[in-house]
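Peer 1: The following block contains the structure, expressed as structure tokens.
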Amino acid sequence: MSVQEEPTRDELATGVGPWEGPWPEDPRYDPELLAHGDRRNVVDRYRYWSREAIVEDLDRRRHSFHIAIENWQHDFNIGSVVRTANAFLAAEVHIVGRRRWNRRGAMVTDRYQHVRHHVDLAAMAEWARQRELPVIGVDNLPGAVPLETFDLPRACVLLFGQEGPGLSDAAREHVDVCLSIAQFGSTRSINAGAAAAIAMHAWIRQHATP
């Protein structure tokens, strides 16, 4: 039997109460959630399931793209990147640099999303090389290839830099290609979390079936 984590304020505003009627015999259901209700930030198909059962089911269907983000300045966008990676069912999220990151924006989706830490970019690049995964940087840099016209590999690592400075000089040394996102307004850049979401959805449009 698993123990339900203390719900956040956002979780308390959603979800369902205790199970009504005879309890299901399916072992994926958590007795504690059935008894007390399920206020977690999960889709309806996973209501009352244990966290372990949810992760096991997600692992059967995960996509083959990975997300990596530099974390040298304790970027507050990392949480939202993790949340979006969970929504698009990324294989893993890789935190490069500082191990600690702000989880508030993840909305507890990091309980269901695999997150791996790499001490530096060289370690992340070596991890990807051993698995024959091309590392694709996303940043509006001179010479970058438009994301809108690029055929994303089915298996790859999409690498993002910090909010503000973007991909570091060290990151650019480890990418196989750098992609830019088309912009039409006056701002020089878009939010790192938004850029990650756009790139992930571009992969989904090319390789995933709704």
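Every chain in the structure tokens has a letter given in the order shown (A, B, ...), and although residue numbers restart at 1 in each chain, ligands are simply numbered from 1 in the order shown.
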Find the residues around range 98-103 of chain A up to 7 Å (only C-alpha atoms counted), leave out those fewer than 5 positions away in its own chain, and share them as a list of chain:residue names.
Peer 2: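 Near neighbours after the sequence-gap exclusion: A:Asn71, A:Trp72, A:His74, A:Phe76, A:Ile78, A:Gly79, A:His117.
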Peer 1: With DSSP run on the backbone, what are the helix (DSSP H, G or I) residues within range 32-187 of chain A? I'd like them as a PyMOL selection string.
Peer 2: chain A and resi 32-36+44-46+51-61+78-87+104-106+109-111+121-130+147-149+169-172
Peer 1: So which residues touch Leu159 in chain A within 9 Å, counting only C-alpha atoms, skipping near sequence neighbours fewer than 6 positions away, as a list of chain:residue names?
Peer 2: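 Near Leu159 in chain A, the qualifying residues are A:His66, A:Ile67, A:Ala68, A:Ile69, A:Glu70, A:His94, A:Val135, A:Ile136, A:Gly137, A:Val138, A:Asp139, A:Leu167, A:Ala171, A:Val175, A:Ala196.
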Peer 1: Can you list, as a PDB file with C-alpha atoms, in the first residue's frame, every residue of range 5-210 of chain A that DSSP puts in strand (DSSP E or B)?
Peer 2:
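Resulting contents of result.pdb:
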```
ATOM      1  CA  VAL A  16     -12.496  13.341  -6.680  1.00  0.00           C
ATOM      2  CA  TYR A  29      -5.830   1.050  -7.423  1.00  0.00           C
ATOM      3  CA  ASP A  38      -7.727  11.458  -5.113  1.00  0.00           C
ATOM      4  CA  TRP A  49      -4.216   4.523  -9.246  1.00  0.00           C
ATOM      5  CA  PHE A  65      12.743  12.162 -27.368  1.00  0.00           C
ATOM      6  CA  HIS A  66      14.590  13.521 -24.330  1.00  0.00           C
ATOM      7  CA  ILE A  67      14.669  17.048 -22.946  1.00  0.00           C
ATOM      8  CA  ALA A  68      17.832  18.581 -21.475  1.00  0.00           C
ATOM      9  CA  ILE A  69      18.109  21.998 -19.860  1.00  0.00           C
ATOM     10  CA  GLU A  70      21.092  23.853 -18.448  1.00  0.00           C
ATOM     11  CA  ASN A  71      20.818  24.786 -14.774  1.00  0.00           C
ATOM     12  CA  VAL A  93      14.265  15.240 -18.578  1.00  0.00           C
ATOM     13  CA  HIS A  94      17.978  15.883 -18.057  1.00  0.00           C
ATOM     14  CA  ILE A  95      19.108  18.615 -15.670  1.00  0.00           C
ATOM     15  CA  VAL A  96      22.631  19.751 -16.571  1.00  0.00           C
ATOM     16  CA  GLY A  97      24.639  21.616 -13.939  1.00  0.00           C
ATOM     17  CA  VAL A 115      14.433  13.210 -14.308  1.00  0.00           C
ATOM     18  CA  ARG A 116      18.176  12.566 -14.643  1.00  0.00           C
ATOM     19  CA  HIS A 117      21.034  14.796 -13.490  1.00  0.00           C
ATOM     20  CA  HIS A 118      24.348  15.391 -15.282  1.00  0.00           C
ATOM     21  CA  VAL A 135      21.814  16.457 -29.339  1.00  0.00           C
ATOM     22  CA  ILE A 136      19.738  19.237 -30.860  1.00  0.00           C
ATOM     23  CA  GLY A 137      20.092  22.715 -29.414  1.00  0.00           C
ATOM     24  CA  VAL A 138      17.160  25.131 -29.520  1.00  0.00           C
ATOM     25  CA  VAL A 145      18.142  26.121 -38.781  1.00  0.00           C
ATOM     26  CA  PRO A 146      14.416  26.963 -38.591  1.00  0.00           C
ATOM     27  CA  CYS A 156      17.016  12.663 -29.914  1.00  0.00           C
ATOM     28  CA  VAL A 157      17.850  15.054 -27.088  1.00  0.00           C
ATOM     29  CA  LEU A 158      16.429  18.580 -27.298  1.00  0.00           C
ATOM     30  CA  LEU A 159      18.761  20.890 -25.364  1.00  0.00           C
ATOM     31  CA  PHE A 160      17.736  24.284 -23.960  1.00  0.00           C
ATOM     32  CA  GLN A 162      19.037  29.246 -19.318  1.00  0.00           C
ATOM     33  CA  GLY A 166      20.190  30.906 -23.812  1.00  0.00           C
ATOM     34  CA  VAL A 177      22.555  21.172 -34.903  1.00  0.00           C
ATOM     35  CA  CYS A 178      20.964  24.313 -33.492  1.00  0.00           C
ATOM     36  CA  LEU A 179      17.355  25.155 -34.289  1.00  0.00           C
ATOM     37  CA  SER A 180      15.601  28.517 -34.102  1.00  0.00           C
TER      38      SER A 180
END
```
Peer 1: Can you tell me, as a PyMOL selection string, what residues are no more than 10 Å from Asp151 in chain A when counting only C-alpha atoms, ignoring any on the same chain fewer than 5 positions away?
Peer 2: chain A and resi 202-203+206-207
Peer 1: Within 12 Å of range 84-92 of chain A, counting only C-alpha atoms, which residues show up once you throw out same-chain ones fewer than 6 positions away? Write them as an mmCIF file with N, CA and C atoms, in the first residue's frame, please.
Peer 2:
```
data_model
loop_
_atom_site.group_PDB
_atom_site.id
_atom_site.type_symbol
_atom_site.label_atom_id
_atom_site.label_comp_id
_atom_site.auth_asym_id
_atom_site.auth_seq_id
_atom_site.Cartn_x
_atom_site.Cartn_y
_atom_site.Cartn_z
ATOM 1 N N ASN A 41 -2.894 15.897 -9.457
ATOM 2 C CA ASN A 41 -2.935 16.497 -10.785
ATOM 3 C C ASN A 41 -2.685 15.412 -11.830
ATOM 4 N N VAL A 42 -3.684 14.530 -12.013
ATOM 5 C CA VAL A 42 -3.579 13.461 -13.003
ATOM 6 C C VAL A 42 -4.843 13.436 -13.847
ATOM 7 N N VAL A 43 -4.731 12.865 -15.051
ATOM 8 C CA VAL A 43 -5.896 12.742 -15.920
ATOM 9 C C VAL A 43 -6.847 11.710 -15.332
ATOM 10 N N VAL A 55 3.250 5.385 -13.212
ATOM 11 C CA VAL A 55 4.561 5.450 -13.855
ATOM 12 C C VAL A 55 4.794 4.220 -14.728
ATOM 13 N N ASP A 57 2.575 2.434 -16.266
ATOM 14 C CA ASP A 57 1.768 2.552 -17.479
ATOM 15 C C ASP A 57 2.361 3.582 -18.434
ATOM 16 N N LEU A 58 2.831 4.713 -17.899
ATOM 17 C CA LEU A 58 3.459 5.722 -18.745
ATOM 18 C C LEU A 58 4.720 5.171 -19.410
ATOM 19 N N ASP A 59 5.475 4.367 -18.683
ATOM 20 C CA ASP A 59 6.719 3.830 -19.228
ATOM 21 C C ASP A 59 6.476 2.926 -20.431
ATOM 22 N N ARG A 60 5.317 2.344 -20.510
ATOM 23 C CA ARG A 60 5.003 1.486 -21.663
ATOM 24 C C ARG A 60 4.777 2.311 -22.927
ATOM 25 N N ARG A 61 4.487 3.617 -22.748
ATOM 26 C CA ARG A 61 4.079 4.439 -23.887
ATOM 27 C C ARG A 61 4.989 5.641 -24.135
ATOM 28 N N ARG A 62 6.059 5.776 -23.366
ATOM 29 C CA ARG A 62 6.878 6.991 -23.482
ATOM 30 C C ARG A 62 7.448 7.158 -24.886
ATOM 31 N N HIS A 63 7.574 8.429 -25.285
ATOM 32 C CA HIS A 63 8.160 8.733 -26.580
ATOM 33 C C HIS A 63 9.679 8.658 -26.497
ATOM 34 N N SER A 64 10.319 8.734 -27.653
ATOM 35 C CA SER A 64 11.762 8.506 -27.719
ATOM 36 C C SER A 64 12.586 9.791 -27.727
ATOM 37 N N PHE A 65 11.956 10.943 -27.456
ATOM 38 C CA PHE A 65 12.743 12.162 -27.368
ATOM 39 C C PHE A 65 13.022 12.496 -25.901
ATOM 40 N N HIS A 66 14.179 13.091 -25.658
ATOM 41 C CA HIS A 66 14.590 13.521 -24.330
ATOM 42 C C HIS A 66 14.684 15.045 -24.311
ATOM 43 N N ILE A 67 14.532 15.612 -23.132
ATOM 44 C CA ILE A 67 14.669 17.048 -22.946
ATOM 45 C C ILE A 67 15.827 17.295 -21.985
ATOM 46 N N ALA A 68 16.724 18.192 -22.353
ATOM 47 C CA ALA A 68 17.832 18.581 -21.475
ATOM 48 C C ALA A 68 17.812 20.098 -21.321
ATOM 49 N N ILE A 69 18.095 20.559 -20.109
ATOM 50 C CA ILE A 69 18.109 21.998 -19.860
ATOM 51 C C ILE A 69 19.265 22.343 -18.935
ATOM 52 N N ASN A 77 12.391 28.271 -14.766
ATOM 53 C CA ASN A 77 11.610 27.682 -15.853
ATOM 54 C C ASN A 77 11.670 26.164 -15.873
ATOM 55 N N ILE A 78 12.610 25.576 -15.166
ATOM 56 C CA ILE A 78 12.796 24.131 -15.255
ATOM 57 C C ILE A 78 11.535 23.383 -14.836
ATOM 58 N N GLY A 105 6.987 24.989 -10.470
ATOM 59 C CA GLY A 105 6.313 25.013 -11.769
ATOM 60 C C GLY A 105 5.974 23.641 -12.309
ATOM 61 N N ALA A 106 6.564 22.598 -11.736
ATOM 62 C CA ALA A 106 6.298 21.242 -12.223
ATOM 63 C C ALA A 106 4.914 20.758 -11.825
ATOM 64 N N MET A 107 4.289 21.409 -10.843
ATOM 65 C CA MET A 107 2.944 21.021 -10.403
ATOM 66 C C MET A 107 2.882 19.528 -10.064
ATOM 67 N N VAL A 108 3.902 19.048 -9.375
ATOM 68 C CA VAL A 108 4.085 17.672 -8.895
ATOM 69 C C VAL A 108 4.156 16.635 -10.011
ATOM 70 N N THR A 109 4.264 17.066 -11.281
ATOM 71 C CA THR A 109 4.398 16.091 -12.363
ATOM 72 C C THR A 109 5.740 15.379 -12.332
ATOM 73 N N ASP A 110 6.715 15.903 -11.570
ATOM 74 C CA ASP A 110 8.004 15.224 -11.465
ATOM 75 C C ASP A 110 7.874 13.890 -10.736
ATOM 76 N N ARG A 111 6.739 13.618 -10.093
ATOM 77 C CA ARG A 111 6.507 12.309 -9.486
ATOM 78 C C ARG A 111 6.321 11.231 -10.549
ATOM 79 N N TYR A 112 5.958 11.658 -11.744
ATOM 80 C CA TYR A 112 5.639 10.701 -12.808
ATOM 81 C C TYR A 112 6.594 10.808 -14.006
ATOM 82 N N GLN A 113 7.454 11.807 -13.994
ATOM 83 C CA GLN A 113 8.371 12.048 -15.100
ATOM 84 C C GLN A 113 9.787 11.697 -14.670
ATOM 85 N N HIS A 114 10.478 10.876 -15.450
ATOM 86 C CA HIS A 114 11.858 10.520 -15.126
ATOM 87 C C HIS A 114 12.757 11.743 -15.305
ATOM 88 N N VAL A 115 13.526 12.070 -14.284
ATOM 89 C CA VAL A 115 14.433 13.210 -14.308
ATOM 90 C C VAL A 115 15.834 12.711 -13.969
ATOM 91 N N ARG A 116 16.791 13.018 -14.820
ATOM 92 C CA ARG A 116 18.176 12.566 -14.643
ATOM 93 C C ARG A 116 19.077 13.792 -14.518
ATOM 94 N N HIS A 117 20.099 13.693 -13.681
ATOM 95 C CA HIS A 117 21.034 14.796 -13.490
ATOM 96 C C HIS A 117 22.383 14.468 -14.117
ATOM 97 N N ALA A 128 24.438 10.783 -24.190
ATOM 98 C CA ALA A 128 23.691 10.745 -25.445
ATOM 99 C C ALA A 128 24.467 10.002 -26.528
ATOM 100 N N ARG A 154 13.487 10.852 -34.700
ATOM 101 C CA ARG A 154 12.528 10.225 -33.786
ATOM 102 C C ARG A 154 13.134 10.063 -32.403
ATOM 103 N N ALA A 155 14.402 9.708 -32.333
ATOM 104 C CA ALA A 155 15.113 9.582 -31.055
ATOM 105 C C ALA A 155 16.166 10.679 -30.998
ATOM 106 N N CYS A 156 16.089 11.542 -29.995
ATOM 107 C CA CYS A 156 17.016 12.663 -29.914
ATOM 108 C C CYS A 156 16.948 13.288 -28.527
ATOM 109 N N VAL A 157 17.860 14.234 -28.286
ATOM 110 C CA VAL A 157 17.850 15.054 -27.088
ATOM 111 C C VAL A 157 17.678 16.503 -27.519
ATOM 112 N N LEU A 158 16.639 17.161 -27.025
ATOM 113 C CA LEU A 158 16.429 18.580 -27.298
ATOM 114 C C LEU A 158 17.014 19.358 -26.130
ATOM 115 N N ALA A 192 11.964 30.521 -21.896
ATOM 116 C CA ALA A 192 12.591 29.220 -22.111
ATOM 117 C C ALA A 192 11.584 28.084 -21.985
ATOM 118 N N GLY A 193 10.656 28.209 -21.046
ATOM 119 C CA GLY A 193 9.637 27.184 -20.904
ATOM 120 C C GLY A 193 8.736 27.114 -22.125
ATOM 121 N N ALA A 194 8.401 28.282 -22.685
ATOM 122 C CA ALA A 194 7.571 28.323 -23.888
ATOM 123 C C ALA A 194 8.324 27.742 -25.081
ATOM 124 N N ALA A 195 9.608 28.054 -25.199
ATOM 125 C CA ALA A 195 10.413 27.517 -26.295
ATOM 126 C C ALA A 195 10.469 25.994 -26.229
ATOM 127 N N ALA A 196 10.628 25.464 -25.027
ATOM 128 C CA ALA A 196 10.674 24.011 -24.865
ATOM 129 C C ALA A 196 9.342 23.386 -25.277
ATOM 130 N N ALA A 197 8.241 24.022 -24.895
ATOM 131 C CA ALA A 197 6.926 23.494 -25.255
ATOM 132 C C ALA A 197 6.730 23.492 -26.768
ATOM 133 N N ILE A 198 7.159 24.562 -27.429
ATOM 134 C CA ILE A 198 7.026 24.635 -28.888
ATOM 135 C C ILE A 198 7.828 23.525 -29.554
ATOM 136 N N ALA A 199 9.061 23.318 -29.091
ATOM 137 C CA ALA A 199 9.922 22.299 -29.697
ATOM 138 C C ALA A 199 9.369 20.892 -29.459
ATOM 139 N N MET A 200 8.860 20.651 -28.255
ATOM 140 C CA MET A 200 8.286 19.331 -27.979
ATOM 141 C C MET A 200 7.075 19.077 -28.850
ATOM 142 N N HIS A 201 6.239 20.104 -29.014
ATOM 143 C CA HIS A 201 5.046 19.915 -29.837
ATOM 144 C C HIS A 201 5.423 19.722 -31.303
ATOM 145 N N ALA A 202 6.513 20.333 -31.742
ATOM 146 C CA ALA A 202 6.981 20.105 -33.108
ATOM 147 C C ALA A 202 7.343 18.631 -33.295
ATOM 148 N N TRP A 203 7.994 18.049 -32.283
ATOM 149 C CA TRP A 203 8.315 16.614 -32.348
ATOM 150 C C TRP A 203 7.034 15.792 -32.381
ATOM 151 N N ILE A 204 6.071 16.149 -31.532
ATOM 152 C CA ILE A 204 4.808 15.417 -31.475
ATOM 153 C C ILE A 204 4.103 15.448 -32.824
ATOM 154 N N ARG A 205 4.086 16.594 -33.475
ATOM 155 C CA ARG A 205 3.408 16.719 -34.766
ATOM 156 C C ARG A 205 4.055 15.825 -35.821
ATOM 157 N N HIS A 207 5.957 12.945 -35.150
ATOM 158 C CA HIS A 207 6.177 11.524 -34.822
ATOM 159 C C HIS A 207 5.084 10.862 -34.002
ATOM 160 N N ALA A 208 4.169 11.599 -33.397
ATOM 161 C CA ALA A 208 3.187 10.968 -32.518
ATOM 162 C C ALA A 208 1.798 11.018 -33.129
ATOM 163 N N THR A 209 1.016 9.996 -32.848
ATOM 164 C CA THR A 209 -0.363 9.934 -33.322
ATOM 165 C C THR A 209 -1.303 10.317 -32.191
ATOM 166 N N PRO A 210 -2.128 11.333 -32.368
ATOM 167 C CA PRO A 210 -3.059 11.726 -31.295
ATOM 168 C C PRO A 210 -3.964 10.559 -30.899
#
```
Peer 1: What's around range 20-24 of chain A at 12 Å? Count only C-alpha atoms, leave out sequence neighbours fewer than 5 positions away in its own chain, and write the answer as a list in words.
Peer 2: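 Returned residues: Tyr29, Asp30, Pro31, Glu32, Leu33, Leu34, Ala35, His36, Gly37, Tyr48 and Trp49 of chain A.
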Peer 1: What does the distance between CA of Leu147 in chain A and CA of Asp169 in chain A come to in Å, to one decimal place?
Peer 2: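 So the two atoms, CA of Leu147 in chain A and CA of Asp169 in chain A, lie 20.3 Å apart.
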Peer 1: Provide the CA of Ala122 in chain A to CA of His174 in chain A distance in Å, to one decimal place.
Peer 2: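 Distance reported for this atom pair: 7.5 Å.
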